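work_9.txt (compact mmCIF, C-alpha atoms) appears below.
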```txt
# COMPACT_ATOMS: atom_id res chain seq x y z
CA MET A 1 86.36 -25.29 -110.26
CA ARG A 2 85.76 -23.97 -113.78
CA ALA A 3 83.74 -21.08 -112.40
CA LEU A 4 86.70 -20.15 -110.21
CA ILE A 5 89.04 -20.31 -113.22
CA LEU A 6 86.70 -18.02 -115.12
CA ILE A 7 86.60 -15.53 -112.23
CA LEU A 8 90.40 -15.53 -111.88
CA SER A 9 90.82 -15.15 -115.66
CA ALA A 10 88.52 -12.15 -115.58
CA ALA A 11 90.51 -10.73 -112.66
CA VAL A 12 93.78 -11.15 -114.59
CA VAL A 13 92.36 -9.40 -117.65
CA GLY A 14 90.87 -6.64 -115.51
CA LEU A 15 94.11 -6.01 -113.60
CA ALA A 16 96.20 -6.04 -116.79
CA ALA A 17 93.85 -3.53 -118.40
CA SER A 18 93.96 -1.38 -115.28
CA ILE A 19 97.77 -1.39 -115.31
CA VAL A 20 97.88 -0.41 -118.99
CA TRP A 21 95.36 2.37 -118.26
CA HIS A 22 97.23 3.81 -115.31
CA VAL A 23 100.84 3.53 -116.40
CA ASP A 24 102.44 6.82 -117.54
CA LYS A 25 102.54 6.51 -121.31
CA ARG A 26 103.97 9.97 -122.00
CA PRO A 27 107.20 9.84 -124.01
CA GLU A 28 110.42 10.67 -122.18
CA PHE A 29 110.87 14.01 -123.93
CA VAL A 30 107.62 15.12 -122.28
CA THR A 31 108.34 13.86 -118.77
CA ARG A 32 112.00 14.95 -118.87
CA THR A 33 111.55 18.44 -120.30
CA GLY A 34 109.62 21.65 -119.68
CA PRO A 35 108.02 24.31 -121.88
CA LEU A 36 109.88 25.61 -124.92
CA PHE A 37 110.65 29.30 -125.31
CA TYR A 38 110.98 29.73 -129.07
CA VAL A 39 113.14 32.82 -129.34
CA GLY A 40 113.43 32.29 -133.10
CA GLY A 41 109.76 33.26 -133.38
CA LEU A 42 110.41 36.82 -132.21
CA LEU A 43 112.44 39.32 -134.27
CA ASN A 44 114.16 36.53 -136.21
CA ASP A 45 110.86 35.72 -137.95
CA ALA A 46 109.90 39.35 -138.69
CA THR A 47 109.47 40.19 -142.35
CA LYS A 48 109.56 43.42 -144.37
CA GLY A 49 106.55 45.65 -143.67
CA GLU A 50 105.85 44.32 -140.18
CA GLU A 51 105.15 47.01 -137.62
CA ALA A 52 104.21 47.46 -133.97
CA VAL A 53 103.07 50.62 -132.14
CA TYR A 54 103.40 51.22 -128.39
CA ARG A 55 102.04 53.91 -126.09
CA GLU A 56 104.06 55.14 -123.14
CA LYS A 57 101.53 55.43 -120.32
CA THR A 58 102.67 58.67 -118.69
CA SER A 59 103.52 60.85 -121.69
CA GLN A 60 101.12 59.13 -124.11
CA ARG A 61 103.91 59.30 -126.71
CA LEU A 62 103.76 56.63 -129.37
CA THR A 63 106.73 54.54 -130.45
CA ARG A 64 106.49 52.68 -133.73
CA PHE A 65 108.85 49.94 -134.90
CA LEU A 66 108.75 49.14 -138.61
CA VAL A 67 110.73 46.42 -140.37
CA VAL A 68 112.06 48.34 -143.37
CA ASP A 69 113.99 45.40 -144.73
CA ALA A 70 114.56 41.77 -143.82
CA PRO A 71 117.07 40.56 -146.38
CA ARG A 72 117.52 36.94 -147.33
CA LEU A 73 121.17 36.15 -146.73
CA LEU A 74 123.55 33.30 -147.30
CA PRO A 75 123.39 30.70 -144.50
CA MET A 76 126.78 31.79 -143.12
CA ALA A 77 125.97 35.52 -143.03
CA VAL A 78 125.00 37.23 -139.77
CA PRO A 79 121.24 37.90 -139.98
CA TYR A 80 119.90 41.40 -139.53
CA LYS A 81 116.66 43.36 -139.86
CA ARG A 82 116.58 47.01 -140.92
CA ILE A 83 114.37 48.67 -138.31
CA ARG A 84 112.88 52.15 -138.32
CA ARG A 85 111.94 53.55 -134.93
CA GLU A 86 109.63 56.56 -134.84
CA VAL A 87 108.48 58.46 -131.78
CA ARG A 88 105.36 60.63 -132.07
CA ASP A 89 103.53 62.84 -129.63
CA PRO A 90 99.84 62.78 -130.53
CA ARG A 91 99.10 65.54 -127.97
CA ALA A 92 101.39 68.02 -129.73
CA GLY A 93 98.72 69.30 -132.13
CA THR A 94 100.47 68.49 -135.36
CA ASP A 95 101.23 64.89 -134.49
CA GLN A 96 104.86 65.84 -134.33
CA VAL A 97 107.44 63.36 -135.49
CA GLY A 98 110.77 63.18 -133.73
CA ASP A 99 113.59 60.87 -132.76
CA SER A 100 113.13 58.78 -135.89
CA VAL A 101 116.04 56.58 -136.76
CA THR A 102 116.71 53.62 -139.03
CA TYR A 103 119.36 51.07 -138.12
CA ASP A 104 120.41 47.50 -138.82
CA HIS A 105 119.48 45.24 -135.92
CA ARG A 106 122.05 42.45 -135.89
CA LEU A 107 120.42 39.44 -134.28
CA THR A 108 123.70 38.03 -133.00
CA GLU A 109 124.95 41.09 -131.13
CA HIS A 110 121.82 43.15 -130.52
CA GLY A 111 119.74 40.22 -129.39
CA TRP A 112 115.94 40.05 -129.28
CA PHE A 113 115.04 43.42 -127.82
CA PRO A 114 114.97 46.96 -129.26
CA LEU A 115 117.94 49.20 -128.75
CA THR A 116 117.36 52.18 -126.50
CA ALA A 117 119.99 54.05 -128.50
CA PRO A 118 119.34 52.93 -132.10
CA ASP A 119 121.27 55.98 -133.33
CA ALA A 120 124.39 54.30 -131.90
CA PRO A 121 124.00 50.65 -132.90
CA ASP A 122 127.70 49.94 -132.34
CA ALA A 123 127.44 50.86 -128.65
CA LEU A 124 126.98 47.23 -127.64
CA ASP A 125 127.67 48.11 -124.00
CA ARG A 126 124.07 49.41 -123.92
CA VAL A 127 122.45 46.12 -124.92
CA TRP A 128 120.07 44.89 -122.22
CA VAL A 129 121.36 41.89 -120.25
CA ILE A 130 119.05 38.96 -119.55
CA ARG A 131 118.61 38.36 -115.83
CA GLY A 132 115.81 35.79 -115.92
CA ILE A 133 112.98 34.30 -117.98
CA GLU A 134 109.75 32.65 -116.92
CA PRO A 135 106.23 32.05 -118.24
CA ASP A 136 103.69 34.65 -117.16
CA THR A 137 100.15 35.85 -117.79
CA LEU A 138 99.48 39.46 -118.70
CA ASP A 139 96.14 41.11 -117.92
CA LEU A 140 95.20 43.01 -121.09
CA GLY A 141 91.80 44.10 -119.82
CA THR A 142 89.84 42.05 -122.32
CA GLU A 143 91.91 38.89 -121.99
CA GLN A 144 94.50 37.09 -119.91
CA ARG A 145 97.41 36.62 -122.31
CA ALA A 146 99.91 33.80 -121.75
CA CYS A 147 103.38 35.13 -122.54
CA TRP A 148 107.00 35.17 -121.37
CA ARG A 149 108.31 37.58 -118.78
CA VAL A 150 111.96 38.52 -119.30
CA ASP A 151 113.79 40.39 -116.55
CA LEU A 152 116.67 42.44 -117.86
CA ILE A 153 119.37 44.87 -116.81
CA ASP A 154 119.94 48.08 -118.76
CA PRO A 155 123.64 48.90 -118.31
CA ALA A 156 122.93 52.48 -119.43
CA LEU A 157 120.82 53.13 -116.31
CA PRO A 158 122.34 53.80 -112.88
CA GLU A 159 123.00 50.80 -110.64
CA GLY A 160 120.02 50.08 -108.42
CA SER A 161 117.48 51.42 -110.91
CA ASP A 162 118.65 49.52 -113.98
CA THR A 163 115.86 46.95 -114.10
CA VAL A 164 113.85 46.42 -117.28
CA VAL A 165 110.94 44.00 -117.44
CA ALA A 166 109.53 42.88 -120.78
CA TRP A 167 106.59 40.63 -121.65
CA VAL A 168 106.87 38.91 -125.01
CA ASP A 169 104.70 36.75 -127.22
CA GLU A 170 105.59 35.39 -130.65
CA ALA A 171 102.22 36.50 -132.04
CA VAL A 172 103.07 40.20 -131.62
CA PRO A 173 104.81 41.72 -134.68
CA VAL A 174 108.44 42.82 -134.90
CA PHE A 175 110.02 42.22 -131.46
CA GLY A 176 107.12 40.23 -130.01
CA LEU A 177 106.84 42.80 -127.24
CA LEU A 178 103.51 43.11 -125.45
CA LYS A 179 104.74 45.51 -122.81
CA TRP A 180 107.92 46.69 -121.14
CA LYS A 181 108.89 48.76 -118.13
CA ARG A 182 112.10 50.76 -117.96
CA GLY A 183 113.20 53.66 -115.80
CA GLY A 184 109.77 54.16 -114.21
CA LYS A 185 107.98 54.24 -117.57
CA THR A 186 105.70 51.65 -119.12
CA TRP A 187 105.15 51.00 -122.84
CA GLU A 188 102.14 48.97 -123.95
CA PHE A 189 101.35 47.42 -127.30
CA VAL A 190 98.65 49.42 -129.08
CA SER A 191 98.48 48.03 -132.60
CA GLY A 192 100.54 46.27 -135.19
CA LYS A 193 100.47 44.25 -138.31
CA LYS A 194 102.29 41.31 -139.74
CA ALA A 195 103.59 41.68 -143.26
CA PRO A 196 101.00 40.96 -145.99
CA MET B 1 87.38 -42.23 -118.42
CA SER B 2 88.16 -41.72 -114.78
CA ASP B 3 91.83 -41.20 -115.78
CA ARG B 4 90.78 -38.46 -118.18
CA THR B 5 88.64 -36.85 -115.48
CA SER B 6 91.45 -36.90 -112.95
CA SER B 7 93.90 -35.57 -115.63
CA ALA B 8 91.51 -32.70 -116.43
CA THR B 9 91.15 -31.93 -112.76
CA ALA B 10 94.92 -31.79 -112.34
CA GLY B 11 95.13 -29.44 -115.33
CA GLU B 12 92.41 -27.27 -113.88
CA LYS B 13 94.19 -27.18 -110.55
CA PHE B 14 97.39 -26.14 -112.26
CA THR B 15 95.55 -23.42 -114.24
CA LEU B 16 93.94 -22.25 -111.03
CA VAL B 17 97.29 -21.94 -109.27
CA VAL B 18 98.84 -20.08 -112.21
CA LEU B 19 95.91 -17.68 -112.45
CA ALA B 20 95.95 -17.07 -108.70
CA ALA B 21 99.67 -16.27 -108.88
CA MET B 22 99.04 -13.89 -111.80
CA VAL B 23 96.31 -12.13 -109.85
CA VAL B 24 98.66 -11.66 -106.88
CA VAL B 25 101.52 -10.33 -109.04
CA LEU B 26 99.31 -8.05 -111.14
CA GLY B 27 97.51 -6.82 -108.02
CA TYR B 28 100.88 -6.00 -106.44
CA VAL B 29 101.97 -4.08 -109.55
CA ARG B 30 98.65 -2.24 -109.87
CA PHE B 31 98.10 -1.29 -106.23
CA VAL B 32 101.62 -1.13 -104.75
CA VAL B 33 104.19 -0.45 -107.50
CA LEU B 34 102.24 1.90 -109.80
CA PRO B 35 101.00 4.34 -107.14
CA GLY B 36 104.57 4.63 -105.83
CA GLN B 37 105.81 5.68 -109.27
CA SER B 38 104.04 9.00 -109.48
CA ALA B 39 104.72 10.56 -112.85
CA PRO B 40 107.18 13.45 -112.64
CA GLU B 41 105.60 16.84 -113.14
CA PRO B 42 106.75 18.73 -116.23
CA LEU B 43 109.79 20.84 -115.42
CA ALA B 44 109.04 24.43 -114.51
CA PHE B 45 110.68 27.14 -116.59
CA SER B 46 112.32 29.63 -114.26
CA PHE B 47 115.61 30.65 -115.80
CA ARG B 48 118.12 32.75 -113.89
CA ASN B 49 121.29 33.85 -115.65
CA PRO B 50 124.06 31.97 -113.79
CA MET B 51 126.79 34.33 -115.00
CA LEU B 52 125.34 37.17 -112.92
CA ASP B 53 126.10 35.10 -109.78
CA ALA B 54 129.66 34.17 -110.75
CA SER B 55 132.31 35.28 -108.28
CA ASP B 56 136.01 35.91 -108.72
CA GLY B 57 138.10 32.73 -108.62
CA GLU B 58 135.18 30.44 -109.38
CA ARG B 59 136.37 27.62 -111.61
CA VAL B 60 135.31 24.64 -113.64
CA VAL B 61 137.13 21.87 -115.49
CA PHE B 62 136.26 21.14 -119.10
CA TYR B 63 137.36 18.52 -121.61
CA PRO B 64 136.32 17.17 -125.00
CA ARG B 65 134.21 14.02 -124.81
CA GLU B 66 136.51 12.08 -127.12
CA ASN B 67 139.59 12.91 -125.03
CA PRO B 68 138.66 13.22 -121.33
CA GLY B 69 142.32 13.37 -120.33
CA ASN B 70 142.83 16.66 -122.17
CA GLN B 71 141.47 18.87 -119.40
CA SER B 72 141.52 22.63 -118.99
CA CYS B 73 140.15 24.99 -116.36
CA SER B 74 138.08 28.10 -116.75
CA VAL B 75 138.64 30.48 -113.82
CA VAL B 76 136.72 33.73 -113.28
CA ARG B 77 139.20 36.62 -113.34
CA ASP B 78 139.34 39.30 -110.66
CA ALA B 79 136.40 41.69 -111.22
CA GLY B 80 135.50 39.30 -114.04
CA LEU B 81 131.79 40.13 -114.15
CA VAL B 82 131.51 43.33 -116.20
CA LEU B 83 127.97 44.66 -116.55
CA ARG B 84 129.08 48.13 -117.60
CA PRO B 85 131.94 47.67 -120.08
CA ARG B 86 132.80 51.41 -120.09
CA LYS B 87 133.89 50.98 -116.46
CA GLY B 88 135.89 47.82 -117.17
CA PRO B 89 139.23 47.36 -118.94
CA GLU B 90 139.55 48.35 -122.61
CA ARG B 91 141.59 45.21 -123.30
CA ILE B 92 141.96 41.71 -121.86
CA GLY B 93 144.60 39.63 -123.62
CA LEU B 94 143.69 39.53 -127.30
CA HIS B 95 140.23 40.96 -126.70
CA ASP B 96 140.27 44.64 -127.58
CA GLY B 97 137.71 47.47 -127.75
CA LEU B 98 135.82 46.19 -124.75
CA HIS B 99 134.50 49.61 -123.66
CA ARG B 100 131.91 49.57 -126.44
CA GLY B 101 131.45 45.80 -126.48
CA LEU B 102 128.79 43.57 -124.94
CA PRO B 103 128.69 43.05 -121.15
CA TYR B 104 130.67 39.90 -120.29
CA LEU B 105 132.14 37.49 -117.78
CA ALA B 106 135.94 37.32 -118.14
CA CYS B 107 137.73 34.05 -117.38
CA SER B 108 141.27 32.82 -117.77
CA VAL B 109 141.82 29.38 -119.22
CA ARG B 110 144.47 27.30 -117.48
CA GLU B 111 146.01 23.92 -118.08
CA GLU B 112 144.72 21.28 -115.72
CA ARG B 113 146.90 18.49 -114.40
CA ARG B 114 144.96 15.33 -115.04
CA GLY B 115 142.30 14.74 -112.42
CA VAL B 116 143.85 16.94 -109.73
CA GLY B 117 141.38 19.82 -110.05
CA THR B 118 143.73 22.52 -108.81
CA CYS B 119 143.46 24.73 -111.89
CA GLU B 120 146.93 26.02 -111.07
CA GLY B 121 148.54 25.19 -114.39
CA PRO B 122 149.86 27.95 -116.66
CA GLN B 123 147.35 30.28 -118.26
CA THR B 124 146.84 29.54 -121.94
CA THR B 125 144.32 32.16 -122.98
CA ASN B 126 141.29 34.18 -121.88
CA VAL B 127 137.67 33.54 -122.66
CA LEU B 128 134.98 36.20 -122.40
CA TYR B 129 131.42 34.96 -122.10
CA ALA B 130 128.85 37.50 -123.36
CA LEU B 131 126.16 37.65 -120.68
CA ASN B 132 123.37 37.08 -123.25
CA TYR B 133 125.08 34.20 -125.06
CA PHE B 134 124.06 31.40 -122.67
CA GLY B 135 127.56 29.98 -122.34
CA MET B 136 128.92 30.76 -125.79
CA PRO B 137 132.05 32.95 -125.93
CA MET B 138 131.68 36.61 -126.90
CA ASP B 139 133.72 36.28 -130.10
CA THR B 140 131.23 33.87 -131.67
CA ASP B 141 128.38 35.02 -133.92
CA VAL B 142 125.41 33.20 -132.45
CA ARG B 143 121.66 33.71 -132.46
CA VAL B 144 119.58 31.99 -129.78
CA ASP B 145 116.81 29.90 -131.33
CA SER B 146 115.16 28.22 -128.36
CA ILE B 147 115.44 27.57 -124.63
CA ARG B 148 113.92 24.60 -122.83
CA PRO B 149 114.46 23.09 -119.37
CA ARG B 150 115.26 19.40 -119.14
CA TRP B 151 116.68 16.87 -116.71
CA MET B 152 120.27 15.85 -117.24
CA LYS B 153 122.80 13.70 -115.43
CA TRP B 154 125.84 15.72 -114.31
CA GLY B 155 128.41 13.60 -112.49
CA ASP B 156 126.41 11.77 -109.87
CA ARG B 157 123.65 14.36 -109.80
CA GLU B 158 120.42 14.74 -111.69
CA LEU B 159 120.21 18.42 -112.62
CA ALA B 160 117.51 20.57 -114.13
CA VAL B 161 119.39 22.29 -116.96
CA TYR B 162 118.37 24.66 -119.75
CA GLU B 163 119.01 23.38 -123.25
CA VAL B 164 119.77 26.40 -125.42
CA ILE B 165 119.89 25.89 -129.17
CA PHE B 166 121.79 28.39 -131.34
CA GLU B 167 122.50 29.12 -134.95
CA ARG B 168 126.12 30.08 -135.40
CA TYR B 169 127.35 32.11 -138.37
CA VAL B 170 130.57 33.18 -140.13
CA SER B 171 132.90 30.48 -138.76
CA LEU B 172 132.09 27.01 -137.41
CA GLU B 173 128.58 27.78 -138.54
CA GLY B 174 125.65 25.49 -137.86
CA ARG B 175 123.59 24.32 -134.96
CA TRP B 176 125.13 24.48 -131.50
CA THR B 177 123.63 23.59 -128.14
CA THR B 178 124.64 24.57 -124.64
CA TYR B 179 123.30 23.08 -121.42
CA ILE B 180 123.18 25.64 -118.62
CA ALA B 181 122.42 25.10 -114.93
CA PRO B 182 122.17 27.80 -112.27
CA GLU B 183 124.07 25.49 -109.88
CA ALA B 184 127.00 25.00 -112.24
CA PRO B 185 129.96 27.37 -111.66
CA VAL B 186 131.40 30.11 -113.87
CA ALA B 187 129.12 30.44 -116.94
CA GLY B 188 126.73 27.75 -115.70
CA LEU B 189 127.89 25.42 -118.47
CA VAL B 190 127.36 21.70 -118.09
CA LYS B 191 127.98 20.73 -121.70
CA TRP B 192 128.05 22.15 -125.19
CA THR B 193 127.70 20.35 -128.48
CA ARG B 194 128.07 21.20 -132.12
CA LEU B 195 126.12 19.18 -134.63
CA ALA B 196 128.05 18.95 -137.87
CA ALA B 197 129.42 16.13 -140.02
CA THR B 198 130.99 14.88 -136.81
CA THR B 199 129.52 15.88 -133.47
CA THR B 200 131.83 17.84 -131.20
CA GLU B 201 131.02 17.75 -127.51
CA VAL B 202 132.70 19.44 -124.56
CA HIS B 203 131.84 18.49 -120.99
CA PHE B 204 132.23 20.62 -117.88
CA ARG B 205 132.95 19.12 -114.48
CA GLU B 206 132.61 20.93 -111.18
CA ILE B 207 135.51 20.94 -108.76
CA LEU B 208 134.26 19.86 -105.38
CA GLY B 209 134.83 22.63 -102.89
CA GLY B 210 136.20 24.92 -105.58
CA GLY B 211 133.19 25.81 -107.68
CA ARG B 212 130.00 27.57 -106.77
```
Could you quickly redo this structure as structure tokens?
Amino acid sequence: MRALILILSAAVVGLAASIVWHVDKRPEFVTRTGPLFYVGGLLNDATKGEEAVYREKTSQRLTRFLVVDAPRLLPMAVPYKRIRREVRDPRAGTDQVGDSVTYDHRLTEHGWFPLTAPDAPDALDRVWVIRGIEPDTLDLGTEQRACWRVDLIDPALPEGSDTVVAWVDEAVPVFGLLKWKRGGKTWEFVSGKKAP
Amino acid sequence: MSDRTSSATAGEKFTLVVLAAMVVVLGYVRFVVLPGQSAPEPLAFSFRNPMLDASDGERVVFYPRENPGNQSCSVVRDAGLVLRPRKGPERIGLHDGLHRGLPYLACSVREERRGVGTCEGPQTTNVLYALNYFGMPMDTDVRVDSIRPRWMKWGDRELAVYEVIFERYVSLEGRWTTYIAPEAPVAGLVKWTRLAATTTEVHFREILGGGR
């Protein structure tokens, strides 16, 4: 009889331990939510001196974004970053500089992406519209980079060919852009630096 | 002595029965109940902007949480989705200079007779939702901070919504949150909240047969 009690006691302990082992112990915020896209880690976090350089694949022209100023403002004030965009053509012998413009990128109205017409920052009708967002992996040749793919609409392009696709990652300086495609052209991140 | 022996035997029998019952119950929980409760997979992140699918006349009822009887309707205006503002109207109600403004979804706000869901009350104002503002009106100064999918109860349904957290500036500044679902009509809004000294919360309710 006592041997049977011992066996049943062991079975009770074993089953209880097994239940504790197998039950889903993850907190509700894990089982009830998905991955977080921290938009605040993109341009909002950029500091003075940060820069990122991109190469357009067809023309080989280089586009450089530099954070000229990232002022500390009162909590109520609309945040902005002063951005300088430079376009260079390294194949034009003298490393010609053109299309350089400095503007204030207002994070509320201009959003997270560069303006295609930074010389007209008040033309808000040209701000890209977000169509969709999803996690993605970008093949960078040397590594597979986990990032976010953002599908956009550029209202300045004709209907039917107005799609813009951007891949972003917080670790990339300034806008967090790894790559974007617009109007049949592709820009890829070449180099960059965070502020010292 | 023999009494003690028989008493111990009765106690042992009782213990045996209790243990056997525990084994049966625990075995049922371990091998029947637990396997049936497969843990939900983490929600996938696949956001689609619901405003781009809004059609003219689409409508939704909204009301403050603390006063559910005070209901209004948001109804998408004719040609309300404006992707290219230069081709849209220059002015809608009090909203001016739209040709050089952000792309938007234009809605009229109407009084709602309590619980009827007709949205045929008089128009009180217009609201323009900027297409990148995740349910916040265009005349607010907001910066998106984060986006995350989560499950949420909406009416009788369990919906996968996107919780979008903002910083708002200039007026009514602070932390705001909208909950957006592709299935929800108009701007996709299910709820918005403002965390301040007192929490403000507005709920959106679909109109059966009248929404998306």
Original post:
List as a PyMOL selection string: which residues have an atom within 8 Å of (114.1, 33.9, -131.2), counting all atoms listed in the file?
Top reply: (chain A and resi 38-45+112) or (chain B and resi 143-146)
**OP:** Just give me the gap between atom CA of Ala3 of chain A and atom CA of Leu15 of chain A in Å, one decimal is fine.
**Re:**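 So the two atoms, atom CA of Ala3 of chain A and atom CA of Leu15 of chain A, lie 18.3 Å apart.
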Subject >> For Thr63 of chain A: contacts at 10 Å, all atoms listed in the file, fewer than 4 positions along chain excluded, given as a VMD selection string >> reply: chain A and resid 52 to 56 85 to 89 99 to 100 187 to 190
**OP:** Select residues of chain B: the criterion is any atom within 8 Å of an atom of chain A, counting all atoms listed in the file; output as a ChimeraX atom specification.
**Re:** /B:12,15-16,19-20,22-23,26-27,29-30,34,39-49,52,83-86,99-103,131-132,141-151,168-171,173
Original post:
By how many Å are atom CA of Gly57 of chain B and atom CA of Asp156 of chain B apart?
Top reply: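 Between these atoms lies a distance of 24.0 Å.
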Original post:
By how many Å are atom CA of Tyr103 of chain A and atom CA of Gly174 of chain B apart?
Top reply: 26.3 Å
**OP:** Kindly extract all protein, DNA and RNA residues lying within 10 Å of the coordinates (124.1, 21.6, -117.6) given in the file, considering all atoms listed in the file, and supply them as number ranges by chain.
**Re:** B: 149-154, 158-163, 178-184, 188-192, 203-205
Keeping only C-alpha atoms, take the residues you just selected and write them out as a PDB file, keeping the file's coordinate frame.
```
ATOM      1  CA  PRO B 149     114.460  23.090-119.370  1.00  0.00           C
ATOM      2  CA  ARG B 150     115.260  19.400-119.140  1.00  0.00           C
ATOM      3  CA  TRP B 151     116.680  16.870-116.710  1.00  0.00           C
ATOM      4  CA  MET B 152     120.270  15.850-117.240  1.00  0.00           C
ATOM      5  CA  LYS B 153     122.800  13.700-115.430  1.00  0.00           C
ATOM      6  CA  TRP B 154     125.840  15.720-114.310  1.00  0.00           C
ATOM      7  CA  GLU B 158     120.420  14.740-111.690  1.00  0.00           C
ATOM      8  CA  LEU B 159     120.210  18.420-112.620  1.00  0.00           C
ATOM      9  CA  ALA B 160     117.510  20.570-114.130  1.00  0.00           C
ATOM     10  CA  VAL B 161     119.390  22.290-116.960  1.00  0.00           C
ATOM     11  CA  TYR B 162     118.370  24.660-119.750  1.00  0.00           C
ATOM     12  CA  GLU B 163     119.010  23.380-123.250  1.00  0.00           C
ATOM     13  CA  THR B 178     124.640  24.570-124.640  1.00  0.00           C
ATOM     14  CA  TYR B 179     123.300  23.080-121.420  1.00  0.00           C
ATOM     15  CA  ILE B 180     123.180  25.640-118.620  1.00  0.00           C
ATOM     16  CA  ALA B 181     122.420  25.100-114.930  1.00  0.00           C
ATOM     17  CA  PRO B 182     122.170  27.800-112.270  1.00  0.00           C
ATOM     18  CA  GLU B 183     124.070  25.490-109.880  1.00  0.00           C
ATOM     19  CA  ALA B 184     127.000  25.000-112.240  1.00  0.00           C
ATOM     20  CA  GLY B 188     126.730  27.750-115.700  1.00  0.00           C
ATOM     21  CA  LEU B 189     127.890  25.420-118.470  1.00  0.00           C
ATOM     22  CA  VAL B 190     127.360  21.700-118.090  1.00  0.00           C
ATOM     23  CA  LYS B 191     127.980  20.730-121.700  1.00  0.00           C
ATOM     24  CA  TRP B 192     128.050  22.150-125.190  1.00  0.00           C
ATOM     25  CA  HIS B 203     131.840  18.490-120.990  1.00  0.00           C
ATOM     26  CA  PHE B 204     132.230  20.620-117.880  1.00  0.00           C
ATOM     27  CA  ARG B 205     132.950  19.120-114.480  1.00  0.00           C
TER      28      ARG B 205
END
```
